[in-house]
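Report on the structure given below.
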Amino acid sequence: MHPAFSVVFFTTATGAGYGLLALLGVLGPLGLIAPDFWPGFVGMGLALGLIAAGLLSSTGHLGRPERAWRAFSQWRSSWLSREGVASVATFIPAGLFGVGWIFLGRLDGWVAAAGILATFGAIVTVCMTGMIYASLKPVAQWHSPYTLPGYLIFSAMSGCVLVNALLQGFAPGSTILPAASVLLTLFGWGWKLSTWRHNDQLEIQTTANTATGLAGGAVRSLEWPHTEENYLLKEMGFRIARKHGSKLRLIAQALAFGLPILFLLTAFALPWPFAALLSALAAIAQFAGMLVERWLFFAEAKHTVMLYYGR
Amino acid sequence: MTCLPGPGGKKLGLVIDLDTCVGCQACVTACKEWNTGGHMAPLTDIDPYGGHVDGVWFNRVHSYEHITEMGGRTVNFPRSCLHCETPACVTVCPTGASYKRASDGIVLVDEDKCIGCKLCSWACPYGAREFDTDVGVMKKCTLCVDRIYNDNLDEGDRVPACVAACPTSARHFGDLGDSQSPVSQLVAERGGVDLMPELGYRPTNKYLPPRAHTQRAASVAAPALEPVRAEGGFLGWVDRMLSS
């Protein structure tokens, strides 16, 4: 599948943004974050900023973005429509939570309730995003039990590393969040490795035989219907050389999992300004790494239509 | 709504005979010619006379070599929308632009509602949908909905343009929901198949596999040519002289 940058950035940014929002929404009401202005302003600003930037980026993928409002109508059948509805609905409790925290300086009562609702909305929205891909039968690498949990795990992981960087900057001393960030990043790493192993060993039922209805033997493409690349080949026929694929997998692992774990563990042993700096670097490296991971998620996915082209 | 209609009676579709298709591409050009002025018009061409031609087509004919223990054969394979009974291209549409008609099962796109998110083309395993980059919306085969009900055409012409154009009658149009219709009987008689049945899209269009090889092919009366034996003597000398 063609890795359009607008969609790669959209899923990565909203994943991290919803993860951060979900954690702020529970950590605040639990009393693990003080209701101070700056953590609230930077934290909620970053979370809602990432979500809004991602959603705006996704409209760049549309042929007719001025009609995007129509996408809220078919929530009864379409995961994409459900994602749109859930993402917009989540802005309401998230906005109230942010106002209560930043301007009223409180994280109890109705502000806490809004926070819990924002967490719930964030989790639901990430599930909808995951299901868009997990429900597509023509792409075997996506139509897999690994896709939906993957979206949730990576969202929680990016969100935790971000919230840790935020709190290391404003209220250092906690060891729970750095430890949770390391553990979630390790879990995410393991999940990605098992996803790749699963995809590399896939035995796909759909073949050139079932695609053409010609039973038995081998079906070899003799001639394409056209000499130049058409929409199908540009959108669904994206190919990366295998050697680049393995290199990119290494780069994704180093940036998204390896370096953040190294930075976070080193931060344990260092005093305040350095620990905060390393925690921020861990979040930045992980975001870059997740962009590469998401690029591969598209680039390595194979669509059944390519069977008609002998690819 | 993009929810699918319940099981209806009428299922209009095509039956494509892979035994008789000669790959002449007449259906391809007839489709383009009719539909660039039809329901989904225009079928935009980008850079049509340049080095990187691109454009929207609803019907493409591939050529394959099918190799079995009986030998190899060339199979020409027209590929277009199969108007599935459970089309995921419809249910994934977030705007309601994609829909399946309850009255005859035709899958259509309402161009005025399409936002061009392309998700329907990802959901179609058959590559039936092509995006028009110029207009910014998705386009697809309409089963010539503007011909088959068109009172201005002679009754015999009220078939999809691809069917009307086919010189070998490899394409048949009719109601596959009626088990007594000529197309349904043709499918039953020739063992018509679904494409990618394992994905569960339940295509309406059926493909008739090529007929089995037979021994009835014409036998060649003349013996195969043999290499000329080297002659000796005078004639052999003449042969060598003339060959050198």
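As shown in the structure tokens, the chain order sets the letters A, B, ...; within each chain, residues go from 1, and ligands are also counted from 1 in the order they appear.
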
Please identify every residue of chain A that has at least one atom no more than 8 Å from any atom of chain B, counting only C-alpha atoms, and report them as a PDB file with N, CA and C atoms, in the first residue's frame.
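Final output, saved to iface-v9.pdb:
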```
ATOM      1  N   HIS A  61      -5.375  14.036   2.738  1.00  0.00           N
ATOM      2  CA  HIS A  61      -5.445  12.818   1.938  1.00  0.00           C
ATOM      3  C   HIS A  61      -6.713  12.804   1.077  1.00  0.00           C
ATOM      4  N   LEU A  62      -7.653  13.686   1.391  1.00  0.00           N
ATOM      5  CA  LEU A  62      -8.952  13.657   0.718  1.00  0.00           C
ATOM      6  C   LEU A  62      -8.899  14.351  -0.639  1.00  0.00           C
ATOM      7  N   GLY A  63      -9.709  13.838  -1.567  1.00  0.00           N
ATOM      8  CA  GLY A  63      -9.825  14.488  -2.864  1.00  0.00           C
ATOM      9  C   GLY A  63     -10.682  15.731  -2.780  1.00  0.00           C
ATOM     10  N   ARG A  64     -11.693  15.715  -1.888  1.00  0.00           N
ATOM     11  CA  ARG A  64     -12.607  16.852  -1.733  1.00  0.00           C
ATOM     12  C   ARG A  64     -12.728  17.182  -0.245  1.00  0.00           C
ATOM     13  N   PRO A  65     -11.664  17.795   0.363  1.00  0.00           N
ATOM     14  CA  PRO A  65     -11.679  18.033   1.818  1.00  0.00           C
ATOM     15  C   PRO A  65     -12.823  18.936   2.280  1.00  0.00           C
ATOM     16  N   GLU A  66     -13.359  19.778   1.380  1.00  0.00           N
ATOM     17  CA  GLU A  66     -14.435  20.686   1.792  1.00  0.00           C
ATOM     18  C   GLU A  66     -15.718  19.929   2.145  1.00  0.00           C
ATOM     19  N   ARG A  67     -15.778  18.633   1.744  1.00  0.00           N
ATOM     20  CA  ARG A  67     -16.976  17.846   2.067  1.00  0.00           C
ATOM     21  C   ARG A  67     -16.731  16.931   3.268  1.00  0.00           C
ATOM     22  N   ALA A  68     -15.621  17.156   3.999  1.00  0.00           N
ATOM     23  CA  ALA A  68     -15.244  16.221   5.068  1.00  0.00           C
ATOM     24  C   ALA A  68     -16.343  16.052   6.101  1.00  0.00           C
ATOM     25  N   ARG A  70     -19.293  15.422   5.766  1.00  0.00           N
ATOM     26  CA  ARG A  70     -20.199  14.322   5.429  1.00  0.00           C
ATOM     27  C   ARG A  70     -19.758  13.004   6.069  1.00  0.00           C
ATOM     28  N   ALA A  71     -18.471  12.932   6.449  1.00  0.00           N
ATOM     29  CA  ALA A  71     -17.927  11.682   6.986  1.00  0.00           C
ATOM     30  C   ALA A  71     -18.484  11.332   8.364  1.00  0.00           C
ATOM     31  N   PHE A  72     -19.264  12.229   8.972  1.00  0.00           N
ATOM     32  CA  PHE A  72     -19.830  11.900  10.285  1.00  0.00           C
ATOM     33  C   PHE A  72     -21.152  11.134  10.170  1.00  0.00           C
ATOM     34  N   SER A  73     -21.618  10.912   8.932  1.00  0.00           N
ATOM     35  CA  SER A  73     -22.994  10.426   8.788  1.00  0.00           C
ATOM     36  C   SER A  73     -23.148   8.906   8.823  1.00  0.00           C
ATOM     37  N   GLN A  74     -22.121   8.138   8.421  1.00  0.00           N
ATOM     38  CA  GLN A  74     -22.356   6.693   8.227  1.00  0.00           C
ATOM     39  C   GLN A  74     -21.780   5.834   9.345  1.00  0.00           C
ATOM     40  N   TRP A  75     -21.910   6.313  10.595  1.00  0.00           N
ATOM     41  CA  TRP A  75     -21.335   5.591  11.726  1.00  0.00           C
ATOM     42  C   TRP A  75     -21.955   4.215  11.928  1.00  0.00           C
ATOM     43  N   ARG A  76     -23.118   3.960  11.309  1.00  0.00           N
ATOM     44  CA  ARG A  76     -23.742   2.654  11.513  1.00  0.00           C
ATOM     45  C   ARG A  76     -22.969   1.533  10.815  1.00  0.00           C
ATOM     46  N   SER A  77     -22.261   1.863   9.723  1.00  0.00           N
ATOM     47  CA  SER A  77     -21.561   0.793   9.006  1.00  0.00           C
ATOM     48  C   SER A  77     -20.055   1.019   8.884  1.00  0.00           C
ATOM     49  N   SER A  78     -19.585   2.261   8.972  1.00  0.00           N
ATOM     50  CA  SER A  78     -18.207   2.553   8.574  1.00  0.00           C
ATOM     51  C   SER A  78     -17.315   2.889   9.775  1.00  0.00           C
ATOM     52  N   TRP A  79     -16.188   2.165   9.891  1.00  0.00           N
ATOM     53  CA  TRP A  79     -15.243   2.447  10.983  1.00  0.00           C
ATOM     54  C   TRP A  79     -14.627   3.828  10.815  1.00  0.00           C
ATOM     55  N   LEU A  80     -14.442   4.271   9.576  1.00  0.00           N
ATOM     56  CA  LEU A  80     -13.870   5.599   9.345  1.00  0.00           C
ATOM     57  C   LEU A  80     -14.816   6.679   9.856  1.00  0.00           C
ATOM     58  N   SER A  81     -16.121   6.489   9.601  1.00  0.00           N
ATOM     59  CA  SER A  81     -17.100   7.450  10.084  1.00  0.00           C
ATOM     60  C   SER A  81     -17.152   7.431  11.614  1.00  0.00           C
ATOM     61  N   LEU A 136     -10.052  -4.547   6.890  1.00  0.00           N
ATOM     62  CA  LEU A 136      -9.864  -4.625   5.435  1.00  0.00           C
ATOM     63  C   LEU A 136      -9.343  -6.005   5.019  1.00  0.00           C
ATOM     64  N   LYS A 137     -10.259  -6.851   4.544  1.00  0.00           N
ATOM     65  CA  LYS A 137      -9.881  -8.214   4.166  1.00  0.00           C
ATOM     66  C   LYS A 137      -8.867  -8.294   3.018  1.00  0.00           C
ATOM     67  N   PRO A 138      -8.878  -7.369   2.047  1.00  0.00           N
ATOM     68  CA  PRO A 138      -7.918  -7.522   0.944  1.00  0.00           C
ATOM     69  C   PRO A 138      -6.460  -7.345   1.363  1.00  0.00           C
ATOM     70  N   GLN A 205      -4.486 -17.232   1.654  1.00  0.00           N
ATOM     71  CA  GLN A 205      -5.351 -18.137   0.890  1.00  0.00           C
ATOM     72  C   GLN A 205      -5.606 -17.627  -0.517  1.00  0.00           C
ATOM     73  N   THR A 206      -5.704 -16.309  -0.644  1.00  0.00           N
ATOM     74  CA  THR A 206      -6.026 -15.722  -1.934  1.00  0.00           C
ATOM     75  C   THR A 206      -4.790 -15.741  -2.828  1.00  0.00           C
ATOM     76  N   THR A 210      -7.328 -18.131  -7.348  1.00  0.00           N
ATOM     77  CA  THR A 210      -8.673 -17.759  -6.897  1.00  0.00           C
ATOM     78  C   THR A 210      -9.054 -16.384  -7.437  1.00  0.00           C
ATOM     79  N   ALA A 211      -8.053 -15.530  -7.703  1.00  0.00           N
ATOM     80  CA  ALA A 211      -8.348 -14.195  -8.218  1.00  0.00           C
ATOM     81  C   ALA A 211      -8.892 -14.260  -9.644  1.00  0.00           C
ATOM     82  N   THR A 212      -8.446 -15.234 -10.423  1.00  0.00           N
ATOM     83  CA  THR A 212      -8.889 -15.337 -11.813  1.00  0.00           C
ATOM     84  C   THR A 212      -9.921 -16.433 -12.012  1.00  0.00           C
ATOM     85  N   GLY A 213     -10.158 -17.258 -10.987  1.00  0.00           N
ATOM     86  CA  GLY A 213     -11.094 -18.361 -11.136  1.00  0.00           C
ATOM     87  C   GLY A 213     -10.517 -19.514 -11.945  1.00  0.00           C
ATOM     88  N   LEU A 214      -9.207 -19.471 -12.259  1.00  0.00           N
ATOM     89  CA  LEU A 214      -8.574 -20.545 -13.026  1.00  0.00           C
ATOM     90  C   LEU A 214      -7.990 -21.545 -12.028  1.00  0.00           C
ATOM     91  N   GLY A 216      -6.243 -24.790 -10.326  1.00  0.00           N
ATOM     92  CA  GLY A 216      -5.123 -25.700 -10.568  1.00  0.00           C
ATOM     93  C   GLY A 216      -3.987 -25.073 -11.337  1.00  0.00           C
ATOM     94  N   GLY A 217      -2.809 -25.673 -11.211  1.00  0.00           N
ATOM     95  CA  GLY A 217      -1.653 -25.207 -11.973  1.00  0.00           C
ATOM     96  C   GLY A 217      -1.211 -23.812 -11.575  1.00  0.00           C
ATOM     97  N   ALA A 218      -0.492 -23.180 -12.505  1.00  0.00           N
ATOM     98  CA  ALA A 218       0.063 -21.855 -12.225  1.00  0.00           C
ATOM     99  C   ALA A 218      -0.568 -20.823 -13.149  1.00  0.00           C
ATOM    100  N   VAL A 219      -0.837 -19.634 -12.608  1.00  0.00           N
ATOM    101  CA  VAL A 219      -1.359 -18.536 -13.419  1.00  0.00           C
ATOM    102  C   VAL A 219      -0.286 -17.456 -13.475  1.00  0.00           C
ATOM    103  N   ARG A 220       0.203 -17.193 -14.689  1.00  0.00           N
ATOM    104  CA  ARG A 220       1.302 -16.246 -14.844  1.00  0.00           C
ATOM    105  C   ARG A 220       0.808 -15.060 -15.662  1.00  0.00           C
ATOM    106  N   SER A 221       1.106 -13.849 -15.180  1.00  0.00           N
ATOM    107  CA  SER A 221       0.672 -12.667 -15.919  1.00  0.00           C
ATOM    108  C   SER A 221       1.525 -12.516 -17.178  1.00  0.00           C
ATOM    109  N   LEU A 222       0.839 -12.495 -18.336  1.00  0.00           N
ATOM    110  CA  LEU A 222       1.551 -12.346 -19.607  1.00  0.00           C
ATOM    111  C   LEU A 222       1.656 -10.882 -19.989  1.00  0.00           C
ATOM    112  N   GLU A 223       0.537 -10.181 -19.828  1.00  0.00           N
ATOM    113  CA  GLU A 223       0.487  -8.807 -20.316  1.00  0.00           C
ATOM    114  C   GLU A 223      -0.472  -8.001 -19.466  1.00  0.00           C
ATOM    115  N   TRP A 224      -0.047  -6.814 -19.064  1.00  0.00           N
ATOM    116  CA  TRP A 224      -0.931  -5.919 -18.326  1.00  0.00           C
ATOM    117  C   TRP A 224      -1.886  -5.219 -19.299  1.00  0.00           C
ATOM    118  N   PRO A 225      -3.007  -4.708 -18.768  1.00  0.00           N
ATOM    119  CA  PRO A 225      -3.947  -4.011 -19.646  1.00  0.00           C
ATOM    120  C   PRO A 225      -3.446  -2.626 -20.049  1.00  0.00           C
ATOM    121  N   GLU A 228       1.418   2.136 -18.729  1.00  0.00           N
ATOM    122  CA  GLU A 228       1.885   3.061 -17.689  1.00  0.00           C
ATOM    123  C   GLU A 228       1.231   2.682 -16.369  1.00  0.00           C
ATOM    124  N   GLU A 229       1.793   3.200 -15.269  1.00  0.00           N
ATOM    125  CA  GLU A 229       1.209   2.948 -13.949  1.00  0.00           C
ATOM    126  C   GLU A 229      -0.157   3.619 -13.854  1.00  0.00           C
ATOM    127  N   ASN A 230      -1.159   2.872 -13.370  1.00  0.00           N
ATOM    128  CA  ASN A 230      -2.482   3.465 -13.184  1.00  0.00           C
ATOM    129  C   ASN A 230      -2.719   3.709 -11.698  1.00  0.00           C
ATOM    130  N   TYR A 231      -3.940   4.140 -11.358  1.00  0.00           N
ATOM    131  CA  TYR A 231      -4.267   4.426  -9.956  1.00  0.00           C
ATOM    132  C   TYR A 231      -4.002   3.221  -9.061  1.00  0.00           C
ATOM    133  N   LEU A 232      -4.412   2.032  -9.519  1.00  0.00           N
ATOM    134  CA  LEU A 232      -4.279   0.832  -8.682  1.00  0.00           C
ATOM    135  C   LEU A 232      -2.816   0.556  -8.353  1.00  0.00           C
ATOM    136  N   MET A 236      -2.042   0.923  -4.613  1.00  0.00           N
ATOM    137  CA  MET A 236      -1.985  -0.391  -3.968  1.00  0.00           C
ATOM    138  C   MET A 236      -0.713  -1.165  -4.301  1.00  0.00           C
ATOM    139  N   HIS A 303      -1.853  -5.703  -1.129  1.00  0.00           N
ATOM    140  CA  HIS A 303      -3.276  -5.750  -1.467  1.00  0.00           C
ATOM    141  C   HIS A 303      -3.520  -6.837  -2.519  1.00  0.00           C
ATOM    142  N   THR A 304      -4.687  -7.525  -2.381  1.00  0.00           N
ATOM    143  CA  THR A 304      -4.971  -8.635  -3.301  1.00  0.00           C
ATOM    144  C   THR A 304      -5.029  -8.204  -4.770  1.00  0.00           C
ATOM    145  N   VAL A 305      -5.331  -6.941  -5.050  1.00  0.00           N
ATOM    146  CA  VAL A 305      -5.461  -6.527  -6.454  1.00  0.00           C
ATOM    147  C   VAL A 305      -4.138  -6.713  -7.203  1.00  0.00           C
ATOM    148  N   TYR A 308      -3.545  -9.577  -9.702  1.00  0.00           N
ATOM    149  CA  TYR A 308      -3.919  -9.465 -11.112  1.00  0.00           C
ATOM    150  C   TYR A 308      -2.753  -8.958 -11.957  1.00  0.00           C
TER     151      TYR A 308
END
```

### Task
May I have all residues of segment 37-251 of chain A that DSSP, computed from the backbone, assigns to helix (DSSP H, G or I), given as a PyMOL selection string?
chain A and resi 37-59+65-72+79-102+110-134+147-170+176-200+208-212+231-236+242-251

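Across A:Ala47, A:Leu193, A:Leu184, A:Ala140, the tightest approach to Met157 of chain A is made by A:Leu184 when counting only C-alpha atoms.
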
### Query
With only C-alpha atoms as the atoms that count, which of B:Arg240, B:Arg101, B:Lys11, B:Arg147 lies nearest to Gly38 of chain B?
B:Arg147
